[in-house]
$ cat data-v2.txt   # compact mmCIF, C-alpha atoms and all ligand atoms
# COMPACT_ATOMS: atom_id res chain seq x y z
CA MET V 918 0.00 0.00 0.00
CA SER V 919 1.46 3.32 -0.93
CA THR V 920 0.22 6.76 -0.12
CA THR V 921 1.20 9.94 -1.84
CA PRO V 922 2.50 12.48 0.66
CA PRO V 923 0.34 15.60 0.72
CA ALA V 924 1.68 18.50 -1.29
CA PRO V 925 3.42 21.05 0.94
CA GLU V 926 1.15 23.91 1.87
CA PRO V 927 2.01 27.41 0.67
CA GLN V 928 3.21 30.14 3.01
CA ALA V 929 -0.13 31.92 2.58
CA VAL V 930 -1.96 29.10 4.43
CA ILE V 931 0.42 29.35 7.38
CA ASP V 932 0.24 33.16 7.31
CA ALA V 933 -3.56 33.07 7.49
CA GLU V 934 -3.54 30.65 10.43
CA MET V 935 -0.97 32.75 12.29
CA ALA V 936 -2.95 35.95 11.67
CA GLU V 937 -6.14 34.37 12.95
CA ILE V 938 -4.49 33.13 16.15
CA ARG V 939 -2.81 36.46 16.71
CA ALA V 940 -6.06 38.41 16.25
CA GLU V 941 -7.85 36.12 18.67
CA ALA V 942 -4.99 36.47 21.22
CA GLU V 943 -4.97 40.25 20.88
CA LYS V 944 -8.71 40.36 21.45
CA ALA V 945 -8.41 38.15 24.55
CA ARG V 946 -5.71 40.46 25.87
CA ALA V 947 -7.78 43.58 25.11
CA ASP V 948 -10.68 41.98 26.96
CA GLY V 949 -8.54 41.82 30.09
CA GLY V 950 -6.90 38.42 29.67
CA PRO V 951 -3.39 37.79 30.98
CA GLU V 952 -0.32 38.54 28.88
CA GLU V 953 0.87 35.33 27.25
CA LEU V 954 4.47 35.26 28.38
CA GLN V 955 5.35 31.89 26.84
CA PRO V 956 4.72 30.26 23.46
CA ARG V 957 1.61 28.17 23.03
CA ARG V 958 2.40 24.49 23.10
CA ASP V 959 -0.65 24.03 20.89
CA TYR V 960 0.25 26.13 17.87
CA PRO V 961 -1.07 24.45 14.69
CA PRO V 962 0.88 26.62 12.19
CA TYR V 963 3.96 24.82 13.57
CA ARG V 964 2.88 21.45 12.21
CA SER V 965 5.21 19.38 14.40
CA SER V 966 3.43 20.69 17.49
CA LEU V 967 0.13 19.04 16.57
CA LEU V 968 0.83 15.62 18.10
CA ARG V 969 3.47 16.77 20.55
CA HIS V 970 1.60 18.82 23.13
CA PRO V 971 -0.60 17.66 26.01
CA LYS V 972 -4.32 18.31 25.65
CA ARG V 973 -5.05 18.16 29.36
CA PRO V 974 -4.22 21.09 31.60
CA LEU V 975 -0.97 21.01 33.54
CA VAL V 976 -1.32 19.93 37.16
CA ALA V 977 -0.09 22.37 39.82
CA ALA V 978 2.47 20.54 41.96
CA PRO V 979 1.41 20.84 45.63
CA GLU V 980 5.04 20.58 46.75
CA ALA V 981 8.31 20.80 44.86
CA PHE V 982 11.05 19.81 47.30
CA THR V 983 13.08 18.34 44.46
CA GLU V 984 12.26 20.78 41.64
CA LEU V 985 13.04 23.86 43.74
CA ARG V 986 16.62 22.66 43.79
CA GLY V 987 18.61 21.81 40.71
CA PRO V 988 21.79 20.40 39.25
CA VAL V 989 25.04 22.25 39.87
CA PHE V 990 27.91 22.71 37.48
CA GLY V 991 31.51 23.74 38.00
CA VAL V 992 34.81 24.56 36.38
CA THR V 993 35.32 20.91 35.46
CA ASP V 994 32.21 21.03 33.26
CA VAL V 995 33.60 23.64 30.86
CA THR V 996 36.98 24.54 29.40
CA ASP V 997 38.16 28.06 28.66
CA LEU V 998 37.89 27.43 24.92
CA ASP V 999 34.29 26.24 25.05
CA GLY V 1000 32.98 29.80 24.86
CA ASP V 1001 34.76 30.60 21.58
CA LEU V 1002 33.13 28.80 18.67
CA THR V 1003 35.65 30.29 16.22
CA ARG V 1004 38.63 28.50 17.74
CA GLN V 1005 37.57 24.88 17.86
CA HIS V 1006 39.37 23.89 14.63
CA HIS V 1007 42.69 24.56 12.93
CA GLY V 1008 41.34 27.29 10.68
CA GLU V 1009 38.95 30.19 11.01
CA PRO V 1010 35.26 29.70 10.20
CA LEU V 1011 33.71 31.74 7.40
CA GLY V 1012 31.20 34.44 8.26
CA GLU V 1013 30.69 37.60 10.29
CA ARG V 1014 32.51 37.25 13.59
CA ILE V 1015 30.23 38.20 16.50
CA VAL V 1016 30.37 38.47 20.27
CA VAL V 1017 27.13 37.69 22.11
CA THR V 1018 26.95 38.60 25.77
CA GLY V 1019 24.37 39.31 28.43
CA ARG V 1020 23.23 38.52 31.94
CA VAL V 1021 21.14 35.64 33.22
CA LEU V 1022 18.72 36.84 35.90
CA ASP V 1023 15.83 35.40 37.86
CA ARG V 1024 12.46 37.12 37.85
CA GLU V 1025 13.48 39.17 40.89
CA GLY V 1026 16.36 40.56 38.83
CA ARG V 1027 19.03 38.70 40.78
CA PRO V 1028 22.00 37.30 38.83
CA VAL V 1029 22.14 33.55 38.28
CA ARG V 1030 25.75 32.80 39.17
CA GLY V 1031 28.00 29.91 38.18
CA GLN V 1032 25.38 28.18 36.07
CA LEU V 1033 25.76 26.44 32.76
CA VAL V 1034 24.86 28.12 29.45
CA GLU V 1035 25.00 25.96 26.31
CA ILE V 1036 24.50 27.13 22.72
CA TRP V 1037 24.29 25.57 19.25
CA GLN V 1038 23.77 27.12 15.84
CA ALA V 1039 24.02 26.78 12.08
CA ASN V 1040 27.09 28.03 10.24
CA ALA V 1041 27.18 31.24 8.19
CA ALA V 1042 25.57 29.43 5.24
CA GLY V 1043 22.67 28.15 7.35
CA ARG V 1044 23.84 24.54 7.72
CA TYR V 1045 24.13 22.59 10.97
CA ALA V 1046 27.02 20.19 11.49
CA HIS V 1047 24.38 17.52 12.11
CA LYS V 1048 23.96 14.43 9.93
CA ARG V 1049 20.22 14.94 9.60
CA ASP V 1050 20.55 18.47 8.26
CA GLN V 1051 20.26 17.92 4.50
CA HIS V 1052 20.09 21.59 3.49
CA PRO V 1053 22.34 21.80 0.40
CA ALA V 1054 24.44 24.62 1.81
CA PRO V 1055 28.14 24.09 2.46
CA LEU V 1056 29.44 22.66 5.70
CA ASP V 1057 32.32 24.66 7.18
CA PRO V 1058 35.19 22.39 8.25
CA ASN V 1059 36.23 25.06 10.73
CA PHE V 1060 32.88 25.43 12.46
CA THR V 1061 30.96 22.97 14.61
CA GLY V 1062 28.60 25.50 16.15
CA THR V 1063 28.41 24.37 19.78
CA GLY V 1064 29.63 26.20 22.87
CA ARG V 1065 29.19 26.39 26.63
CA CYS V 1066 30.25 28.57 29.52
CA LEU V 1067 29.50 29.24 33.17
CA THR V 1068 27.90 32.54 34.20
CA ASP V 1069 30.13 34.81 36.29
CA ASP V 1070 29.34 36.47 39.62
CA GLU V 1071 27.13 39.01 37.87
CA GLY V 1072 25.32 36.31 35.94
CA ARG V 1073 27.14 37.25 32.74
CA TYR V 1074 27.83 34.90 29.84
CA THR V 1075 29.91 35.64 26.72
CA PHE V 1076 30.35 33.74 23.47
CA THR V 1077 32.44 34.47 20.40
CA SER V 1078 30.99 32.96 17.24
CA ILE V 1079 29.97 33.78 13.69
CA LYS V 1080 26.54 35.01 12.68
CA PRO V 1081 24.40 32.02 11.69
CA GLY V 1082 22.60 32.00 8.35
CA ALA V 1083 18.86 31.59 7.79
CA TYR V 1084 17.91 28.07 6.74
CA PRO V 1085 15.01 26.27 5.06
CA TRP V 1086 12.85 23.66 6.78
CA ARG V 1087 9.88 21.56 5.78
CA ASN V 1088 7.02 22.93 7.83
CA HIS V 1089 5.47 24.21 4.59
CA LEU V 1090 6.55 25.22 1.10
CA ASN V 1091 9.31 27.85 1.16
CA ALA V 1092 9.60 27.79 4.97
CA TRP V 1093 12.73 29.59 6.23
CA ARG V 1094 13.87 30.06 9.81
CA PRO V 1095 15.14 33.51 10.80
CA ALA V 1096 18.79 33.41 11.87
CA HIS V 1097 19.03 32.24 15.47
CA ILE V 1098 21.25 30.75 18.14
CA HIS V 1099 19.80 28.00 20.34
CA PHE V 1100 20.36 28.59 24.08
CA SER V 1101 20.04 26.18 27.02
CA LEU V 1102 20.10 27.59 30.56
CA PHE V 1103 19.96 26.37 34.13
CA GLY V 1104 18.95 28.38 37.18
CA THR V 1105 19.32 27.48 40.83
CA ALA V 1106 16.09 25.46 40.62
CA PHE V 1107 15.09 22.81 38.10
CA THR V 1108 11.83 24.78 37.71
CA GLN V 1109 13.87 27.55 36.06
CA ARG V 1110 15.18 25.41 33.22
CA LEU V 1111 15.04 27.20 29.86
CA VAL V 1112 15.71 26.18 26.27
CA THR V 1113 15.11 28.93 23.77
CA GLN V 1114 16.41 30.71 20.67
CA MET V 1115 18.04 34.12 20.33
CA TYR V 1116 17.25 36.09 17.19
CA PHE V 1117 18.98 39.03 15.49
CA PRO V 1118 17.41 42.47 15.11
CA ASN V 1119 15.34 43.38 12.04
CA ASP V 1120 15.24 39.91 10.51
CA PRO V 1121 12.89 40.06 7.49
CA LEU V 1122 11.83 36.44 8.13
CA PHE V 1123 10.11 37.13 11.47
CA PRO V 1124 6.56 37.49 10.08
CA TYR V 1125 6.76 34.16 8.23
CA ASP V 1126 8.11 31.92 11.00
CA PRO V 1127 5.59 29.87 13.03
CA ILE V 1128 8.13 29.00 15.73
CA PHE V 1129 8.86 32.67 16.50
CA ASN V 1130 5.15 33.56 16.21
CA SER V 1131 4.06 30.75 18.55
CA ILE V 1132 4.61 33.51 21.12
CA THR V 1133 1.42 35.41 20.42
CA ASP V 1134 2.34 38.53 22.42
CA GLU V 1135 4.41 41.12 20.57
CA ARG V 1136 6.27 42.30 23.68
CA ALA V 1137 7.11 38.74 24.65
CA ARG V 1138 8.47 38.01 21.16
CA GLN V 1139 10.72 41.07 21.41
CA ARG V 1140 12.40 39.47 24.44
CA LEU V 1141 13.99 36.90 22.13
CA ILE V 1142 15.68 39.50 19.91
CA ALA V 1143 19.21 40.59 20.78
CA THR V 1144 20.26 44.24 20.58
CA TYR V 1145 23.11 45.34 18.37
CA ASP V 1146 25.53 47.15 20.71
CA HIS V 1147 28.17 49.23 18.97
CA ASP V 1148 30.18 49.56 22.17
CA LEU V 1149 30.50 45.77 22.19
CA SER V 1150 31.88 45.71 18.67
CA SER V 1151 35.67 45.54 18.40
CA PRO V 1152 37.49 47.56 15.73
CA GLU V 1153 38.55 45.40 12.78
CA TRP V 1154 37.46 42.28 14.63
CA SER V 1155 33.82 41.58 15.58
CA LEU V 1156 30.26 42.87 15.89
CA GLY V 1157 28.61 42.90 19.31
CA TYR V 1158 25.15 41.75 20.35
CA ARG V 1159 23.65 41.98 23.83
CA TRP V 1160 20.91 39.71 25.09
CA ASP V 1161 19.78 39.43 28.72
CA ILE V 1162 17.83 36.36 29.80
CA VAL V 1163 15.26 36.13 32.59
CA LEU V 1164 14.52 32.64 33.89
CA ASP V 1165 10.90 31.81 34.65
CA GLY V 1166 9.76 29.68 37.55
CA PRO V 1167 10.15 29.80 41.31
CA SER V 1168 13.42 28.94 43.02
CA ALA V 1169 14.33 27.75 46.52
CA THR V 1170 15.81 31.15 47.43
CA TRP V 1171 12.58 32.78 46.29
CA MET V 1172 10.61 30.48 48.60
CA GLU V 1173 12.99 30.88 51.54
CA GLU V 1174 12.56 34.63 51.49
CA GLY V 1175 8.85 34.08 51.93
CA ARG V 1176 7.74 35.99 48.86
CA MET F 938 9.01 41.16 38.73
CA ARG F 939 10.83 40.93 35.42
CA GLU F 940 9.07 39.29 32.52
CA PRO F 941 10.60 35.93 31.64
CA THR F 942 12.42 35.14 28.43
CA PRO F 943 10.05 32.92 26.44
CA SER F 944 10.89 29.33 25.60
CA GLN F 945 11.38 27.99 22.08
CA THR F 946 11.57 24.42 20.86
CA VAL F 947 14.84 22.53 21.20
CA GLY F 948 14.42 21.74 17.48
CA PRO F 949 15.85 18.77 15.59
CA PHE F 950 19.55 19.59 15.73
CA PHE F 951 20.46 19.59 19.44
CA GLY F 952 22.05 16.15 19.06
CA TYR F 953 25.65 17.28 18.73
CA ALA F 954 25.31 19.98 21.38
CA LEU F 955 23.35 18.78 24.42
CA PRO F 956 23.76 15.00 24.91
CA PHE F 957 27.08 14.04 26.49
CA ALA F 958 29.05 10.91 27.27
CA ASP F 959 27.63 9.15 30.35
CA GLY F 960 24.62 11.48 30.27
CA GLY F 961 22.31 8.65 31.32
CA ASP F 962 24.77 6.90 33.61
CA LEU F 963 24.65 8.67 36.96
CA VAL F 964 26.60 5.73 38.36
CA PRO F 965 29.21 3.51 36.69
CA PRO F 966 27.95 0.23 35.20
CA GLY F 967 27.69 -2.50 37.84
CA HIS F 968 27.58 -0.03 40.72
CA PRO F 969 26.06 -1.73 43.78
CA GLY F 970 22.53 -0.55 44.46
CA ALA F 971 22.06 0.93 40.99
CA ILE F 972 18.68 0.83 39.30
CA THR F 973 17.87 1.03 35.60
CA MET F 974 14.99 3.19 34.45
CA HIS F 975 13.87 3.09 30.85
CA GLY F 976 10.95 3.78 28.55
CA VAL F 977 9.67 5.24 25.32
CA VAL F 978 8.44 8.76 24.56
CA HIS F 979 5.25 8.71 22.44
CA ASP F 980 3.38 11.33 20.45
CA GLY F 981 -0.38 11.74 20.30
CA ALA F 982 -0.68 9.06 17.60
CA GLY F 983 1.13 6.58 19.84
CA ARG F 984 4.25 6.71 17.69
CA PRO F 985 7.68 6.80 19.33
CA ILE F 986 9.47 10.16 19.24
CA PRO F 987 13.05 9.67 18.04
CA ASP F 988 14.17 13.24 18.66
CA ALA F 989 13.20 13.93 22.27
CA LEU F 990 15.63 14.87 25.02
CA LEU F 991 14.94 13.96 28.64
CA GLU F 992 16.61 15.49 31.67
CA PHE F 993 16.48 13.97 35.13
CA TRP F 994 17.10 15.61 38.50
CA GLN F 995 16.80 13.72 41.75
CA ALA F 996 17.78 13.42 45.40
CA ASP F 997 20.62 11.10 46.36
CA PRO F 998 19.69 7.89 48.24
CA ALA F 999 19.73 9.79 51.56
CA GLY F 1000 17.34 12.44 50.20
CA GLY F 1001 20.09 15.02 49.70
CA LEU F 1002 19.50 17.64 47.01
CA ASP F 1003 22.84 19.45 47.00
CA GLY F 1004 23.98 17.80 43.76
CA ALA F 1005 27.59 18.09 42.65
CA PRO F 1006 29.50 19.20 39.57
CA ASP F 1007 30.95 16.36 37.47
CA SER F 1008 27.99 15.57 35.19
CA MET F 1009 29.60 16.78 31.98
CA ARG F 1010 33.31 16.93 32.72
CA ARG F 1011 35.37 18.36 29.89
CA ASP F 1012 38.86 17.30 28.89
CA PRO F 1013 40.87 20.52 28.46
CA VAL F 1014 43.47 18.68 26.37
CA THR F 1015 41.19 17.27 23.68
CA GLY F 1016 38.24 19.63 24.12
CA THR F 1017 35.85 16.69 24.33
CA PHE F 1018 33.74 15.19 27.09
CA ALA F 1019 35.82 13.27 29.61
CA GLY F 1020 32.97 11.34 31.23
CA ARG F 1021 31.92 11.44 34.85
CA SER F 1022 34.59 10.69 37.44
CA GLY F 1023 32.10 8.38 39.13
CA VAL F 1024 33.12 9.59 42.58
CA GLY F 1025 30.32 11.96 43.53
CA PHE F 1026 26.61 11.71 42.78
CA THR F 1027 25.47 14.67 40.70
CA GLY F 1028 21.74 13.85 40.66
CA PHE F 1029 21.56 15.05 37.04
CA GLY F 1030 21.10 13.02 33.87
CA ARG F 1031 20.42 13.88 30.22
CA VAL F 1032 19.42 11.35 27.59
CA ALA F 1033 18.30 11.73 23.96
CA THR F 1034 15.80 9.15 22.74
CA ASP F 1035 17.06 6.69 20.13
CA ALA F 1036 15.49 5.86 16.75
CA ASP F 1037 12.84 3.80 18.61
CA GLY F 1038 12.00 6.68 20.94
CA HIS F 1039 13.65 4.74 23.76
CA TRP F 1040 15.79 6.08 26.60
CA THR F 1041 17.70 4.47 29.47
CA LEU F 1042 18.90 5.91 32.78
CA ARG F 1043 21.17 4.15 35.27
CA THR F 1044 21.08 5.76 38.67
CA LEU F 1045 20.68 5.27 42.40
CA PRO F 1046 17.20 5.21 43.89
CA PRO F 1047 16.31 8.67 45.20
CA GLY F 1048 15.64 9.07 48.89
CA PRO F 1049 12.69 11.06 50.23
CA ALA F 1050 13.24 14.77 49.58
CA ALA F 1051 11.38 15.58 52.81
CA PRO F 1052 10.67 13.41 55.86
CA GLY F 1053 8.03 10.84 55.01
CA ALA F 1054 7.74 11.93 51.35
CA LEU F 1055 7.49 9.39 48.56
CA PRO F 1056 10.74 9.41 46.54
CA TYR F 1057 10.58 10.51 42.93
CA ILE F 1058 12.81 11.55 40.05
CA SER F 1059 11.95 14.85 38.36
CA VAL F 1060 11.85 14.72 34.55
CA CYS F 1061 12.02 17.55 32.04
CA VAL F 1062 10.98 16.71 28.47
CA PHE F 1063 12.21 18.53 25.36
CA ALA F 1064 11.44 17.67 21.73
CA ARG F 1065 11.19 19.06 18.25
CA GLY F 1066 7.58 20.20 17.96
CA LEU F 1067 7.37 20.95 21.68
CA LEU F 1068 7.57 24.74 22.04
CA HIS F 1069 7.95 24.80 25.82
CA HIS F 1070 9.43 21.94 27.81
CA LEU F 1071 7.26 19.78 30.09
CA TYR F 1072 7.89 18.54 33.63
CA THR F 1073 6.76 15.25 35.02
CA ARG F 1074 7.86 12.85 37.78
CA VAL F 1075 8.72 9.19 38.07
CA TYR F 1076 7.64 7.68 41.38
CA LEU F 1077 9.45 4.38 41.97
CA GLU F 1078 6.45 2.99 43.78
CA ASP F 1079 2.95 4.05 44.67
CA GLY F 1080 2.05 4.78 48.26
CA PRO F 1081 -0.22 6.82 50.50
CA GLY F 1082 0.22 10.41 51.55
CA ASP F 1083 1.79 12.00 48.50
CA PRO F 1084 -0.07 15.28 47.93
CA LEU F 1085 0.39 15.20 44.15
CA LEU F 1086 -0.57 11.55 43.63
CA ASP F 1087 -3.49 11.91 46.02
CA SER F 1088 -4.84 14.82 43.97
CA LEU F 1089 -5.17 12.64 40.84
CA ASP F 1090 -7.73 10.05 39.83
CA ALA F 1091 -6.49 6.48 39.39
CA ASP F 1092 -5.88 6.58 35.63
CA ARG F 1093 -3.91 9.80 35.79
CA ARG F 1094 -2.03 8.73 38.92
CA ALA F 1095 -0.83 5.58 37.17
CA THR F 1096 1.00 7.64 34.52
CA LEU F 1097 3.50 8.76 37.19
CA ILE F 1098 4.31 5.37 38.70
CA ALA F 1099 7.19 3.32 37.25
CA ARG F 1100 6.45 -0.33 36.53
CA PRO F 1101 8.94 -2.72 38.16
CA GLU F 1102 10.70 -5.27 35.95
CA PRO F 1103 13.27 -7.91 36.91
CA HIS F 1104 16.85 -6.98 37.87
CA ALA F 1105 16.21 -3.65 39.61
CA THR F 1106 14.78 -2.24 36.41
CA TYR F 1107 11.79 0.10 36.04
CA ARG F 1108 9.73 1.01 33.03
CA PHE F 1109 8.39 4.53 32.55
CA ASP F 1110 6.79 5.62 29.28
CA VAL F 1111 5.98 9.23 28.47
CA HIS F 1112 2.91 10.08 26.36
CA LEU F 1113 2.89 13.70 25.24
CA GLN F 1114 -0.75 13.40 24.16
CA GLY F 1115 -3.58 10.88 23.88
CA SER F 1116 -5.63 8.55 26.07
CA GLU F 1117 -2.56 7.64 28.14
CA GLU F 1118 -1.30 11.23 28.30
CA THR F 1119 1.25 11.63 31.09
CA VAL F 1120 0.50 14.05 33.92
CA PHE F 1121 2.63 17.16 33.34
CA LEU F 1122 3.29 19.63 36.11
CA GLU F 1123 3.48 23.35 36.67
CA PHE F 1124 5.11 25.10 39.58
CA GLY F 1125 3.70 28.27 41.09
FE FE V 1201 17.85 26.01 14.63

$ encode --input "data-v2.txt" --output "structure tokens"
Amino acid sequence: MSTTPPAPEPQAVIDAEMAEIRAEAEKARADGGPEELQPRRDYPPYRSSLLRHPKRPLVAAPEAFTELRGPVFGVTDVTDLDGDLTRQHHGEPLGERIVVTGRVLDREGRPVRGQLVEIWQANAAGRYAHKRDQHPAPLDPNFTGTGRCLTDDEGRYTFTSIKPGAYPWRNHLNAWRPAHIHFSLFGTAFTQRLVTQMYFPNDPLFPYDPIFNSITDERARQRLIATYDHDLSSPEWSLGYRWDIVLDGPSATWMEEGR
Amino acid sequence: MREPTPSQTVGPFFGYALPFADGGDLVPPGHPGAITMHGVVHDGAGRPIPDALLEFWQADPAGGLDGAPDSMRRDPVTGTFAGRSGVGFTGFGRVATDADGHWTLRTLPPGPAAPGALPYISVCVFARGLLHHLYTRVYLEDGPGDPLLDSLDADRRATLIARPEPHATYRFDVHLQGSEETVFLEFG
């Protein structure tokens, strides 16, 4: 028995679905509903989400002795070179050299110190060094695209890398992801765990991307876009981007202070 | 209060960035007292998910939650993962599902995180298609007095209890959606 795979849907179908969801969300907000701070897990324009989100409401945990604590990391878990993605091979990767830095804070604005930040990204041509990425763009033998570091006493992280390219994917016909760097972060509590994506300012692909637009609130979406910071750029060397990260979720210190 | 940075999906290409050597082996093979926990992550059609990533965080056998560095030790000479030293117990594991959607964790049984509490392992689920991670728990056995379990009806409660198998092994399947949908948690 063979079945013909359905023809990929055009961008216009996805655009219409995204516009409808956004209009409905904006109306709910205007009617006094809460700001949607996180993406919707149920976001049909992102086709892979259809069968991969729970349909029952989340259950509020009555206690969280374990989740209010979390794994700890230390200097043995990173090396000094792990934060520089341009120096992991013998030669220099192709692309625009960038420095990305910022602070990791909890919702009270306190720095998250000594915690692990991990990143991964496509190369300048938009290709991941991953066997399953079949985008016919060149691999760069001098770029793997993974890095990690520990936050310092002010919660600061810094990576040196190259600006990733946009890349196509198969959500629909002519689907392209805006350029982004994947970030993974730990707080002091497991409840604060965050995996997300950092975007670059003024990307023309933003309106077409169902992953970015799964966050229905405009202000919340803006929190994923780094700021170009000229003072962070180095003469004849690199461009600077700043992106601060606020971890959601309660932590043990938050509870201990009785707030 | 500052507004949180929103989540985004882990996507399909985390495989060369997040999993690490010994990620699912919190104790060395053959360690006395070790248990094996394993299962399959399913989507709403009941199909296994081959590109999910599970993270585990748990108390040590005495109930301690201090953790320890050492989970993803790096070798500064080669720039690769050196593997756990096996001396301390970090309480943290990370496992990507295989082509069959299957994962395996070798660890020590958690102790009660508070006096009289039922022991459990906290689980965080990431996957392509999942825009915001999900938390659940594996209880090694059912029992009275757990405020979460007692708040659930029998069918839902059963999704959080591991099924014992021979040789100190436990089975725990995750269903992101469907009639057997796992109980997922939120924390206020
Ligand atoms: Fe990506």

$ closest_residue --input "data-v2.txt" --among "F:Met974, F:Leu1077, F:Leu1042, F:Leu1055" --to "chain V" --atoms "all atoms listed in the file"
F:Leu1055

$ residues_near_ligand --input "data-v2.txt" --ligand "ligand FE 1201 (chain V)" --cutoff "7 Å" --atoms "only C-alpha atoms and all ligand atoms" --output "ChimeraX atom specification"
/V:1038-1039,1097-1099 /F:948,950

$ closest_residue --input "data-v2.txt" --among "F:Pro1084, F:Arg1093, F:Gly1125, F:Gly1048" --to "Asp1165 in chain V" --atoms "only C-alpha atoms"
F:Gly1125

$ interface_residues --input "data-v2.txt" --of "chain F" --to "chain V" --cutoff "7 Å" --atoms "all atoms listed in the file" --output "MDAnalysis selection string"
chainID F and resid 938:947 950 953:954 980:982 994:996 1002 1004:1007 1009:1011 1013 1027:1029 1050:1051 1059 1066:1069 1084:1085 1113:1114 1118 1120:1125

$ residues_around --input "data-v2.txt" --residues "Pro1047 in chain F" --least-positions-apart "3" --cutoff "8 Å" --atoms "all atoms listed in the file" --output "PDB file with C-alpha atoms, keeping the file's coordinate frame"
ATOM      1  CA  GLN F 995      16.800  13.720  41.750  1.00  0.00           C
ATOM      2  CA  ALA F 996      17.780  13.420  45.400  1.00  0.00           C
ATOM      3  CA  ASP F 997      20.620  11.100  46.360  1.00  0.00           C
ATOM      4  CA  PRO F 998      19.690   7.890  48.240  1.00  0.00           C
ATOM      5  CA  ALA F 999      19.730   9.790  51.560  1.00  0.00           C
ATOM      6  CA  GLY F1000      17.340  12.440  50.200  1.00  0.00           C
ATOM      7  CA  PRO F1056      10.740   9.410  46.540  1.00  0.00           C
ATOM      8  CA  TYR F1057      10.580  10.510  42.930  1.00  0.00           C
ATOM      9  CA  ILE F1058      12.810  11.550  40.050  1.00  0.00           C
TER      10      ILE F1058
END

$ closest_residue --input "data-v2.txt" --among "F:Gly1020, F:Gly1001, F:Gly1030, F:Gly1115" --to "Pro1049 in chain F" --atoms "only C-alpha atoms"
F:Gly1001

$ residues_around --input "data-v2.txt" --residues "Pro925 in chain V" --least-positions-apart "6" --cutoff "12 Å" --atoms "all atoms listed in the file" --output "list in words"
Ile931, Arg964, Trp1086, Arg1087, Asn1088, His1089, Leu1090, Asn1091 and Ala1092 of chain V

$ residues_around --input "data-v2.txt" --residues "Ile986 in chain F" --least-positions-apart "5" --cutoff "6 Å" --atoms "all atoms listed in the file" --output "PDB file with C-alpha atoms, in the coordinates of the input"
ATOM      1  CA  VAL F 978       8.440   8.760  24.560  1.00  0.00           C
ATOM      2  CA  HIS F 979       5.250   8.710  22.440  1.00  0.00           C
ATOM      3  CA  GLY F1038      12.000   6.680  20.940  1.00  0.00           C
TER       4      GLY F1038
END

$ atom_distance --input "data-v2.txt" --atom1 "CA of Asp1037 in chain F" --atom2 "CA of Gly976 in chain F"
10.1 Å

$ closest_residue --input "data-v2.txt" --among "F:Arg1021, F:His968, F:His975, F:Arg1108" --to "Thr1041 in chain F" --atoms "all atoms listed in the file"
F:His975

$ closest_residue --input "data-v2.txt" --among "F:Val977, F:Glu1102, F:Ala958, F:Ala1095" --to "Thr1017 in chain F" --atoms "all atoms listed in the file"
F:Ala958

$ atom_distance --input "data-v2.txt" --atom1 "CA of Ala971 in chain F" --atom2 "CA of Arg1031 in chain F"
16.9 Å

$ atom_distance --input "data-v2.txt" --atom1 "CA of Ala1099 in chain F" --atom2 "CA of Val1075 in chain F"
6.1 Å

$ residues_around --input "data-v2.txt" --residues "range 1153-1160 of chain V" --least-positions-apart "4" --cutoff "10 Å" --atoms "only C-alpha atoms" --output "number ranges by chain"
V: 1013-1021, 1074-1075, 1077-1080, 1115-1118, 1140-1149

$ closest_residue --input "data-v2.txt" --among "F:Pro985, F:Gly960, F:Pro1103, F:Gly1082" --to "Ala1064 in chain F" --atoms "only C-alpha atoms"
F:Pro985

$ residues_around --input "data-v2.txt" --residues "Val964 in chain F" --least-positions-apart "3" --cutoff "8 Å" --atoms "all atoms listed in the file" --output "list in words"
His968, Ala971, Gly1023, Phe1026, Arg1043, Thr1044 and Leu1045 of chain F

$ write_last_selection --input "data-v2.txt" --atoms "C-alpha atoms" --output "CSV table (one decimal), in the frame of the given file"
chain,number,residue,atom,x,y,z
F,968,HIS,CA,27.6,0.0,40.7
F,971,ALA,CA,22.1,0.9,41.0
F,1023,GLY,CA,32.1,8.4,39.1
F,1026,PHE,CA,26.6,11.7,42.8
F,1043,ARG,CA,21.2,4.2,35.3
F,1044,THR,CA,21.1,5.8,38.7
F,1045,LEU,CA,20.7,5.3,42.4

$ axis_aligned_box --input "data-v2.txt" --around "range 1096-1103 of chain F" --padding-each-side "4 Å" --output "JSON"
{"center_x": 7.1, "center_y": 0.4, "center_z": 36.6, "size_x": 20.3, "size_y": 24.7, "size_z": 12.2}

$ residues_near_point --input "data-v2.txt" --point "(23.6, 21.9, 0.8)" --cutoff "12 Å" --atoms "all atoms listed in the file" --output "list in words"
Asn1040, Ala1042, Gly1043, Arg1044, Tyr1045, Ala1046, Lys1048, Arg1049, Asp1050, Gln1051, His1052, Pro1053, Ala1054, Pro1055, Leu1056, Asp1057, Tyr1084 and Pro1085 of chain V
